[in-house]
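One file, model-v2.cif, is given below (mmCIF, C-alpha atoms).
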```
data_structure
#
loop_
_atom_site.label_atom_id
_atom_site.label_comp_id
_atom_site.auth_asym_id
_atom_site.auth_seq_id
_atom_site.Cartn_x
_atom_site.Cartn_y
_atom_site.Cartn_z
CA MET A 1 112.93 73.88 79.26
CA ASN A 2 110.66 71.88 76.93
CA ILE A 3 108.54 74.64 75.40
CA ALA A 4 105.22 73.85 73.76
CA THR A 5 104.59 75.21 70.27
CA GLU A 6 101.66 77.33 71.40
CA LEU A 7 103.86 79.06 74.00
CA VAL A 8 106.53 79.79 71.40
CA GLN A 9 103.83 81.37 69.26
CA ALA A 10 102.50 83.35 72.23
CA LEU A 11 105.92 84.82 73.03
CA ALA A 12 107.15 85.20 69.45
CA PRO A 13 104.06 85.56 67.23
CA LYS A 14 106.08 87.14 64.41
CA GLY A 15 108.40 84.12 64.20
CA LYS A 16 111.25 85.89 65.96
CA LEU A 17 111.71 87.17 69.50
CA ARG A 18 111.61 90.97 69.49
CA ALA A 19 113.45 92.08 72.64
CA SER A 20 113.16 95.65 73.90
CA ILE A 21 116.55 96.73 75.29
CA ASN A 22 117.13 99.88 77.36
CA THR A 23 120.68 101.23 77.09
CA GLY A 24 119.82 104.10 79.42
CA ASN A 25 120.62 101.86 82.40
CA PRO A 26 124.27 100.74 82.14
CA ILE A 27 123.66 97.93 84.63
CA LEU A 28 121.42 96.20 82.09
CA ALA A 29 122.85 97.10 78.69
CA SER A 30 125.03 99.50 76.76
CA ALA A 31 125.10 100.49 73.11
CA ASP A 32 127.27 98.40 70.80
CA ALA A 33 128.22 99.54 67.30
CA GLN A 34 128.00 96.07 65.79
CA ALA A 35 125.28 94.23 67.72
CA GLY A 36 123.19 97.27 68.68
CA ALA A 37 123.53 96.52 72.39
CA ARG A 38 125.39 94.31 74.82
CA GLY A 39 124.89 93.43 78.46
CA VAL A 40 123.03 91.22 80.90
CA SER A 41 119.60 91.82 79.37
CA VAL A 42 120.93 91.02 75.88
CA ASP A 43 122.45 87.78 77.17
CA LEU A 44 119.12 86.76 78.74
CA ALA A 45 117.21 87.60 75.56
CA THR A 46 119.72 85.60 73.49
CA GLU A 47 119.34 82.56 75.72
CA LEU A 48 115.55 82.74 75.70
CA ALA A 49 115.45 82.99 71.91
CA ARG A 50 117.74 79.97 71.69
CA ARG A 51 115.40 77.95 73.89
CA LEU A 52 112.37 79.04 71.91
CA GLY A 53 114.15 78.08 68.70
CA VAL A 54 113.61 81.47 67.04
CA GLU A 55 115.74 84.35 65.80
CA LEU A 56 116.43 87.23 68.20
CA ALA A 57 115.65 90.77 67.01
CA LEU A 58 116.89 93.53 69.31
CA GLN A 59 114.93 96.76 69.56
CA VAL A 60 117.27 99.22 71.26
CA PHE A 61 116.06 102.31 73.12
CA ASP A 62 117.91 104.94 75.12
CA THR A 63 115.24 105.41 77.82
CA ALA A 64 113.24 103.11 80.06
CA ALA A 65 110.00 104.84 79.07
CA ARG A 66 110.44 104.07 75.37
CA SER A 67 111.47 100.52 76.14
CA VAL A 68 108.37 100.00 78.29
CA ASP A 69 106.11 101.52 75.64
CA ALA A 70 107.43 99.09 73.00
CA VAL A 71 106.29 96.10 75.06
CA THR A 72 103.05 97.66 76.28
CA ASP A 73 102.13 98.50 72.68
CA GLU A 74 103.23 95.01 71.51
CA ALA A 75 105.86 96.41 69.18
CA ALA A 76 108.20 94.12 71.15
CA ASP A 77 107.59 90.69 72.71
CA ILE A 78 109.72 90.92 75.84
CA GLY A 79 111.59 93.59 77.74
CA PHE A 80 113.73 94.21 80.81
CA PHE A 81 112.33 96.68 83.33
CA ALA A 82 112.16 97.69 86.95
CA ILE A 83 108.98 96.33 88.48
CA ASP A 84 106.41 99.07 89.06
CA PRO A 85 102.62 98.91 89.55
CA LYS A 86 101.98 101.54 86.87
CA ARG A 87 103.95 99.58 84.30
CA GLY A 88 102.22 96.42 85.48
CA GLU A 89 98.94 97.66 84.03
CA GLY A 90 100.13 96.57 80.59
CA ILE A 91 102.99 94.17 81.33
CA HIS A 92 103.27 90.75 83.01
CA PHE A 93 106.43 90.89 85.14
CA THR A 94 108.62 88.01 86.20
CA THR A 95 110.27 87.84 89.58
CA PRO A 96 113.36 90.10 89.69
CA TYR A 97 116.70 88.84 88.42
CA VAL A 98 118.87 91.77 89.53
CA LEU A 99 118.61 94.26 92.41
CA ILE A 100 119.94 97.81 92.00
CA GLU A 101 120.06 100.68 94.49
CA GLY A 102 118.44 104.03 93.79
CA CYS A 103 120.40 106.87 95.42
CA TYR A 104 120.66 110.65 95.68
CA ALA A 105 123.63 112.80 94.65
CA VAL A 106 124.27 116.39 95.75
CA ARG A 107 127.03 118.96 95.38
CA GLU A 108 129.90 118.79 97.86
CA ASP A 109 128.78 122.02 99.52
CA SER A 110 125.12 120.99 99.81
CA PRO A 111 123.65 121.24 103.33
CA LEU A 112 121.90 117.90 102.83
CA SER A 113 123.39 114.98 104.72
CA SER A 114 120.65 112.31 104.67
CA ASN A 115 117.90 110.97 102.42
CA GLU A 116 115.28 112.11 104.91
CA GLU A 117 116.21 115.77 104.27
CA VAL A 118 115.39 115.61 100.55
CA ASP A 119 111.60 115.82 100.74
CA ARG A 120 111.28 119.43 101.92
CA PRO A 121 109.48 122.45 100.44
CA GLY A 122 111.58 124.24 97.84
CA ARG A 123 113.91 121.30 97.16
CA ARG A 124 114.29 120.37 93.46
CA VAL A 125 114.98 116.73 92.61
CA VAL A 126 116.02 115.72 89.09
CA VAL A 127 115.00 112.30 87.74
CA GLY A 128 115.08 110.59 84.35
CA GLN A 129 111.65 110.86 82.77
CA GLY A 130 109.74 107.57 82.90
CA SER A 131 112.44 105.77 84.89
CA ALA A 132 111.64 103.46 87.80
CA TYR A 133 112.77 106.07 90.30
CA ASP A 134 110.68 108.74 88.56
CA LEU A 135 107.58 106.58 89.05
CA TYR A 136 108.54 105.76 92.64
CA LEU A 137 109.46 109.29 93.72
CA SER A 138 106.38 110.72 92.03
CA ARG A 139 104.36 108.66 94.51
CA GLU A 140 106.59 109.10 97.55
CA LEU A 141 107.78 112.73 97.58
CA ARG A 142 105.23 115.08 99.13
CA GLU A 143 107.05 118.41 99.54
CA ALA A 144 109.97 118.47 97.08
CA THR A 145 109.52 119.36 93.40
CA ILE A 146 110.42 116.76 90.78
CA GLU A 147 112.14 117.91 87.59
CA ARG A 148 112.41 115.43 84.71
CA ALA A 149 115.47 115.15 82.49
CA THR A 150 114.92 113.64 79.04
CA SER A 151 116.61 110.36 80.07
CA SER A 152 118.48 108.78 82.96
CA PRO A 153 121.93 109.53 81.45
CA ALA A 154 120.83 113.18 81.08
CA VAL A 155 120.01 113.59 84.80
CA MET A 156 123.42 114.91 85.83
CA SER A 157 123.73 117.50 83.08
CA HIS A 158 120.20 118.74 83.87
CA PHE A 159 121.04 118.84 87.58
CA LEU A 160 124.21 120.85 87.01
CA SER A 161 122.84 123.25 84.42
CA THR A 162 119.66 124.16 86.30
CA GLY A 163 121.06 124.46 89.82
CA ALA A 164 118.71 121.82 91.22
CA ASP A 165 119.31 120.48 94.74
CA VAL A 166 119.38 116.71 94.22
CA ALA A 167 120.03 114.24 91.40
CA ALA A 168 118.30 110.87 91.74
CA GLY A 169 119.31 107.72 89.91
CA VAL A 170 121.00 104.34 89.82
CA LYS A 171 123.85 104.28 92.33
CA GLN A 172 126.48 103.09 89.84
CA GLN A 173 125.59 105.81 87.33
CA LEU A 174 125.75 108.53 89.98
CA GLU A 175 129.07 107.21 91.29
CA ALA A 176 130.49 107.28 87.76
CA ASP A 177 129.21 110.83 87.26
CA ALA A 178 130.74 111.96 90.56
CA ALA A 179 134.11 110.45 89.65
CA ARG A 180 134.02 112.01 86.17
CA ILE A 181 132.81 115.49 87.13
CA GLY A 182 134.07 115.99 90.68
CA GLY A 183 132.54 118.23 93.33
CA LEU A 184 129.70 115.79 94.00
CA ARG A 185 128.85 113.26 96.70
CA LEU A 186 126.21 110.60 97.24
CA LEU A 187 123.97 110.76 100.27
CA PRO A 188 124.40 107.71 102.54
CA GLY A 189 122.17 104.71 101.98
CA ARG A 190 119.47 104.41 99.33
CA PHE A 191 115.94 105.62 98.79
CA MET A 192 114.76 102.46 97.01
CA VAL A 193 115.80 99.03 95.78
CA ILE A 194 115.10 98.73 92.06
CA GLN A 195 113.91 95.23 91.15
CA GLN A 196 114.86 94.48 87.56
CA ALA A 197 112.68 91.86 85.89
CA MET A 198 111.67 90.55 82.49
CA GLY A 199 108.21 91.21 81.12
CA CYS A 200 105.83 90.54 78.24
CA PRO A 201 102.56 92.16 77.14
CA ARG A 202 99.62 91.17 79.31
CA SER A 203 97.73 90.10 76.21
CA ARG A 204 100.15 87.16 75.77
CA GLY A 205 98.41 85.37 78.64
CA GLU A 206 99.32 83.84 81.98
CA ALA A 207 100.93 80.74 80.47
CA ALA A 208 103.48 82.84 78.57
CA ALA A 209 104.11 84.93 81.70
CA HIS A 210 104.65 81.75 83.73
CA LEU A 211 107.18 80.52 81.18
CA LEU A 212 109.13 83.77 81.53
CA ARG A 213 109.03 83.54 85.34
CA THR A 214 110.31 79.96 85.20
CA PHE A 215 113.08 81.00 82.82
CA VAL A 216 114.24 83.84 85.09
CA GLU A 217 114.32 81.60 88.15
CA GLU A 218 116.40 79.03 86.28
CA MET A 219 118.80 81.71 85.05
CA LYS A 220 119.36 82.87 88.63
CA ARG A 221 119.65 79.38 90.07
CA SER A 222 122.09 78.16 87.39
CA GLY A 223 124.47 81.08 87.89
CA PHE A 224 123.76 82.50 84.40
CA VAL A 225 122.86 85.97 85.71
CA ALA A 226 125.85 86.13 88.08
CA GLU A 227 128.19 85.07 85.27
CA ALA A 228 126.71 87.67 82.92
CA LEU A 229 127.20 90.44 85.49
CA ALA A 230 130.83 89.39 85.92
CA ARG A 231 131.42 89.02 82.18
CA HIS A 232 130.24 92.57 81.51
CA GLY A 233 132.16 94.02 84.45
CA ILE A 234 129.06 95.12 86.37
CA ALA A 235 129.84 95.91 90.01
CA GLY A 236 127.39 96.94 92.69
CA ALA A 237 124.32 95.10 91.40
CA SER A 238 123.32 91.82 92.99
CA VAL A 239 121.48 88.76 91.75
CA ALA A 240 117.96 88.73 93.20
CA PRO A 241 117.22 85.88 95.61
CA ALA A 242 115.25 82.89 94.38
CA ALA A 243 111.48 83.19 94.60
CA ALA A 244 109.77 81.40 97.46
#
```
Whole structure given in structure tokens:
Amino acid sequence: MNIATELVQALAPKGKLRASINTGNPILASADAQAGARGVSVDLATELARRLGVELALQVFDTAARSVDAVTDEAADIGFFAIDPKRGEGIHFTTPYVLIEGCYAVREDSPLSSNEEVDRPGRRVVVGQGSAYDLYLSRELREATIERATSSPAVMSHFLSTGADVAAGVKQQLEADAARIGGLRLLPGRFMVIQQAMGCPRSRGEAAAHLLRTFVEEMKRSGFVAEALARHGIAGASVAPAAA
């Protein structure tokens, strides 16, 4: 990518690329004592900073909501989020680079056997506050009550301690929780496909957004994203197909 000076300034106006990283989603990143964070999103941010010819400055958050706010408020220049129309009010999204399944978990003795049985009066569904599936289920569920844990990693402890009926979240996180805790099972299938994309503040303009979209498509096409998933041992997530 031959990047014009004005585009470098649009994406990194402070002279360095401030990347908002969410460690609340283990598919994208996890905390690292030395670097602050490691994972697919960190690798993409590192490569983009290299191409822009600027220093990378990670801004690490433990929830999606805080990570989104950093970019919306222009405290960060880029971020890595699930695409959602509400978030899109302040953020230019790229096409997705990774697809993740959103699923439900219940106790082994729960009477629920399908996703379609979740949205019923009296059912309590726990989500991570501000997460992609919180935004989605807040629009889609009509009868069930949504309860919000402080973060996505806190969903399971909230679910267990409050006696709620369903825990909603990223499939891999719920599977890890079920294996660690026991006495839990995932309902078959998924309730949504979470499209993970890069984004920048809308104020940076369409040209900067186009540059990010072009970068993401190249990272998918070249195998960079697939290699990053493998390098970090991420199973269950898939590289998003190339844009038409």
Please write as a JSON list (two decimals) with C-alpha atoms, in the frame of the given file the full residue list that the PyMOL selection byres ((chain A and resi 203) around 9) yields on this file.
```
[["chain", "number", "residue", "atom", "x", "y", "z"],
["A", 74, "GLU", "CA", 103.23, 95.01, 71.51],
["A", 90, "GLY", "CA", 100.13, 96.57, 80.59],
["A", 91, "ILE", "CA", 102.99, 94.17, 81.33],
["A", 92, "HIS", "CA", 103.27, 90.75, 83.01],
["A", 200, "CYS", "CA", 105.83, 90.54, 78.24],
["A", 201, "PRO", "CA", 102.56, 92.16, 77.14],
["A", 202, "ARG", "CA", 99.62, 91.17, 79.31],
["A", 204, "ARG", "CA", 100.15, 87.16, 75.77],
["A", 205, "GLY", "CA", 98.41, 85.37, 78.64],
["A", 206, "GLU", "CA", 99.32, 83.84, 81.98]]
```
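Distances to Glu116 (chain A) were evaluated for A:Asp69, A:Glu143, A:Glu55, A:Asp177 using all atoms listed in the file, and the minimum falls at A:Glu143.
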For the file shown, what are the residues hit by the PyMOL selection byres ((chain A and resi 243) around 8), laid out as number ranges by chain?
A: 95, 217, 241-242, 244
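With all atoms listed in the file as the atoms that count, the minimum distance from Ser114 (chain A) to the choices A:Arg66, A:His210, A:Arg185, A:Arg38 is reached by A:Arg185.
Residues within 8 Å of Gly199 (chain A), counting only C-alpha atoms and excluding same-chain residues fewer than 4 positions away, are Ile78, Gly79, Phe80, Phe81, Ile91, His92, Phe93, Thr94, Ala209 and Leu212 of chain A.
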Take the residues from that selection and put them in a file with C-alpha atoms, as an mmCIF file, in the coordinates of the input.
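Below is the file out-v9.cif, written as the result:
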```cif
data_model
loop_
_atom_site.group_PDB
_atom_site.id
_atom_site.type_symbol
_atom_site.label_atom_id
_atom_site.label_comp_id
_atom_site.auth_asym_id
_atom_site.auth_seq_id
_atom_site.Cartn_x
_atom_site.Cartn_y
_atom_site.Cartn_z
ATOM 1 C CA ILE A 78 109.720 90.920 75.840
ATOM 2 C CA GLY A 79 111.590 93.590 77.740
ATOM 3 C CA PHE A 80 113.730 94.210 80.810
ATOM 4 C CA PHE A 81 112.330 96.680 83.330
ATOM 5 C CA ILE A 91 102.990 94.170 81.330
ATOM 6 C CA HIS A 92 103.270 90.750 83.010
ATOM 7 C CA PHE A 93 106.430 90.890 85.140
ATOM 8 C CA THR A 94 108.620 88.010 86.200
ATOM 9 C CA ALA A 209 104.110 84.930 81.700
ATOM 10 C CA LEU A 212 109.130 83.770 81.530
#
```
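Going from CA of Ala132 (chain A) to CA of Ala29 (chain A) covers 15.8 Å.
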Got a sec to check which residues sit within 12 Å of (129.3, 110.7, 94.3), counting only C-alpha atoms, and write them as a ChimeraX atom specification?
/A:103-108,156,166-188
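The shortest atom-to-atom distance to Glu147 (chain A), with all atoms listed in the file taken into account, belongs to A:Ala164 out of A:Leu58, A:Ile100, A:Ala164, A:Leu211.
Take the candidates A:Ala197, A:Ala226, A:Met219, A:Val127 and check each one against Gly88 (chain A) using only C-alpha atoms; the shortest distance goes to A:Ala197.
Using only C-alpha atoms for every distance, the candidate list A:Ala237, A:Ile3, A:Val125, A:Ile21 yields A:Val125 as the residue closest to Thr145 (chain A).
Using all atoms listed in the file, the nearest neighbour of Asp84 (chain A) within the list A:Gly128, A:Pro153, A:Gly236, A:Pro96 is A:Pro96.
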Just so the selection is clear, what residues does the PyMOL selection byres ((chain A and resi 144) around 6) cover here, as a ChimeraX atom specification?
/A:119-121,123-124,143,145
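Atom pair CA of Leu44 (chain A) / CA of Phe224 (chain A) has a distance of 8.5 Å (rounded to one decimal).
Interatomic distance, CA of Gly102 (chain A) against CA of Gln59 (chain A): 25.5 Å.
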Would you mind completing region 2-13 of chain A so that it carries all heavy atoms, and writing it out as a PDB file, keeping the file's coordinate frame?
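In the end it all went to result-v8.pdb:
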```pdb
ATOM      1  N   ASN A   2     111.351  72.441  78.083  1.00  0.00           N
ATOM      2  CA  ASN A   2     110.660  71.880  76.930  1.00  0.00           C
ATOM      3  C   ASN A   2     109.448  72.768  76.649  1.00  0.00           C
ATOM      4  O   ASN A   2     108.449  72.711  77.363  1.00  0.00           O
ATOM      5  CB  ASN A   2     110.229  70.446  77.226  1.00  0.00           C
ATOM      6  CG  ASN A   2     109.647  69.770  76.004  1.00  0.00           C
ATOM      7  OD1 ASN A   2     109.817  70.258  74.890  1.00  0.00           O
ATOM      8  ND2 ASN A   2     108.964  68.669  76.204  1.00  0.00           N
ATOM      9  N   ILE A   3     109.531  73.591  75.624  1.00  0.00           N
ATOM     10  CA  ILE A   3     108.540  74.640  75.400  1.00  0.00           C
ATOM     11  C   ILE A   3     107.547  74.225  74.330  1.00  0.00           C
ATOM     12  O   ILE A   3     107.927  73.907  73.191  1.00  0.00           O
ATOM     13  CB  ILE A   3     109.227  75.956  75.016  1.00  0.00           C
ATOM     14  CG1 ILE A   3     110.227  76.361  76.110  1.00  0.00           C
ATOM     15  CG2 ILE A   3     108.215  77.064  74.798  1.00  0.00           C
ATOM     16  CD1 ILE A   3     111.070  77.567  75.770  1.00  0.00           C
ATOM     17  N   ALA A   4     106.273  74.237  74.694  1.00  0.00           N
ATOM     18  CA  ALA A   4     105.220  73.850  73.760  1.00  0.00           C
ATOM     19  C   ALA A   4     105.119  74.857  72.623  1.00  0.00           C
ATOM     20  O   ALA A   4     105.402  76.044  72.794  1.00  0.00           O
ATOM     21  CB  ALA A   4     103.886  73.746  74.498  1.00  0.00           C
ATOM     22  N   THR A   5     104.685  74.370  71.462  1.00  0.00           N
ATOM     23  CA  THR A   5     104.590  75.210  70.270  1.00  0.00           C
ATOM     24  C   THR A   5     103.705  76.423  70.495  1.00  0.00           C
ATOM     25  O   THR A   5     104.022  77.536  70.057  1.00  0.00           O
ATOM     26  CB  THR A   5     104.060  74.388  69.085  1.00  0.00           C
ATOM     27  OG1 THR A   5     104.937  73.286  68.835  1.00  0.00           O
ATOM     28  CG2 THR A   5     103.961  75.245  67.826  1.00  0.00           C
ATOM     29  N   GLU A   6     102.580  76.211  71.195  1.00  0.00           N
ATOM     30  CA  GLU A   6     101.660  77.330  71.400  1.00  0.00           C
ATOM     31  C   GLU A   6     102.279  78.426  72.278  1.00  0.00           C
ATOM     32  O   GLU A   6     101.962  79.617  72.116  1.00  0.00           O
ATOM     33  CB  GLU A   6     100.346  76.856  72.019  1.00  0.00           C
ATOM     34  CG  GLU A   6     100.471  76.121  73.339  1.00  0.00           C
ATOM     35  CD  GLU A   6     100.577  74.617  73.162  1.00  0.00           C
ATOM     36  OE1 GLU A   6     101.026  74.168  72.077  1.00  0.00           O
ATOM     37  OE2 GLU A   6     100.198  73.903  74.105  1.00  0.00           O
ATOM     38  N   LEU A   7     103.186  78.051  73.171  1.00  0.00           N
ATOM     39  CA  LEU A   7     103.860  79.060  74.000  1.00  0.00           C
ATOM     40  C   LEU A   7     104.908  79.812  73.190  1.00  0.00           C
ATOM     41  O   LEU A   7     105.109  81.013  73.390  1.00  0.00           O
ATOM     42  CB  LEU A   7     104.485  78.403  75.224  1.00  0.00           C
ATOM     43  CG  LEU A   7     103.510  77.993  76.330  1.00  0.00           C
ATOM     44  CD1 LEU A   7     104.271  77.367  77.495  1.00  0.00           C
ATOM     45  CD2 LEU A   7     102.709  79.198  76.804  1.00  0.00           C
ATOM     46  N   VAL A   8     105.586  79.114  72.295  1.00  0.00           N
ATOM     47  CA  VAL A   8     106.530  79.790  71.400  1.00  0.00           C
ATOM     48  C   VAL A   8     105.788  80.825  70.568  1.00  0.00           C
ATOM     49  O   VAL A   8     106.232  81.968  70.405  1.00  0.00           O
ATOM     50  CB  VAL A   8     107.251  78.782  70.488  1.00  0.00           C
ATOM     51  CG1 VAL A   8     108.146  79.516  69.474  1.00  0.00           C
ATOM     52  CG2 VAL A   8     108.085  77.807  71.310  1.00  0.00           C
ATOM     53  N   GLN A   9     104.628  80.446  70.071  1.00  0.00           N
ATOM     54  CA  GLN A   9     103.830  81.370  69.260  1.00  0.00           C
ATOM     55  C   GLN A   9     103.315  82.535  70.091  1.00  0.00           C
ATOM     56  O   GLN A   9     103.202  83.660  69.592  1.00  0.00           O
ATOM     57  CB  GLN A   9     102.672  80.611  68.609  1.00  0.00           C
ATOM     58  CG  GLN A   9     103.123  79.593  67.570  1.00  0.00           C
ATOM     59  CD  GLN A   9     101.983  78.749  67.035  1.00  0.00           C
ATOM     60  OE1 GLN A   9     100.915  78.646  67.637  1.00  0.00           O
ATOM     61  NE2 GLN A   9     102.212  78.120  65.895  1.00  0.00           N
ATOM     62  N   ALA A  10     102.989  82.271  71.359  1.00  0.00           N
ATOM     63  CA  ALA A  10     102.500  83.350  72.230  1.00  0.00           C
ATOM     64  C   ALA A  10     103.592  84.377  72.508  1.00  0.00           C
ATOM     65  O   ALA A  10     103.332  85.586  72.542  1.00  0.00           O
ATOM     66  CB  ALA A  10     101.969  82.773  73.534  1.00  0.00           C
ATOM     67  N   LEU A  11     104.822  83.911  72.707  1.00  0.00           N
ATOM     68  CA  LEU A  11     105.920  84.820  73.030  1.00  0.00           C
ATOM     69  C   LEU A  11     106.561  85.434  71.789  1.00  0.00           C
ATOM     70  O   LEU A  11     107.093  86.544  71.855  1.00  0.00           O
ATOM     71  CB  LEU A  11     106.979  84.099  73.866  1.00  0.00           C
ATOM     72  CG  LEU A  11     106.764  84.065  75.371  1.00  0.00           C
ATOM     73  CD1 LEU A  11     107.856  83.253  76.045  1.00  0.00           C
ATOM     74  CD2 LEU A  11     106.706  85.457  75.964  1.00  0.00           C
ATOM     75  N   ALA A  12     106.519  84.711  70.687  1.00  0.00           N
ATOM     76  CA  ALA A  12     107.150  85.200  69.450  1.00  0.00           C
ATOM     77  C   ALA A  12     106.197  85.036  68.275  1.00  0.00           C
ATOM     78  O   ALA A  12     106.458  84.254  67.355  1.00  0.00           O
ATOM     79  CB  ALA A  12     108.459  84.457  69.209  1.00  0.00           C
ATOM     80  N   PRO A  13     105.085  85.755  68.274  1.00  0.00           N
ATOM     81  CA  PRO A  13     104.060  85.560  67.230  1.00  0.00           C
ATOM     82  C   PRO A  13     104.515  85.929  65.828  1.00  0.00           C
ATOM     83  O   PRO A  13     103.906  85.503  64.847  1.00  0.00           O
ATOM     84  CB  PRO A  13     102.906  86.457  67.701  1.00  0.00           C
ATOM     85  CG  PRO A  13     103.553  87.495  68.557  1.00  0.00           C
ATOM     86  CD  PRO A  13     104.678  86.786  69.246  1.00  0.00           C
TER      87      PRO A  13
END
```
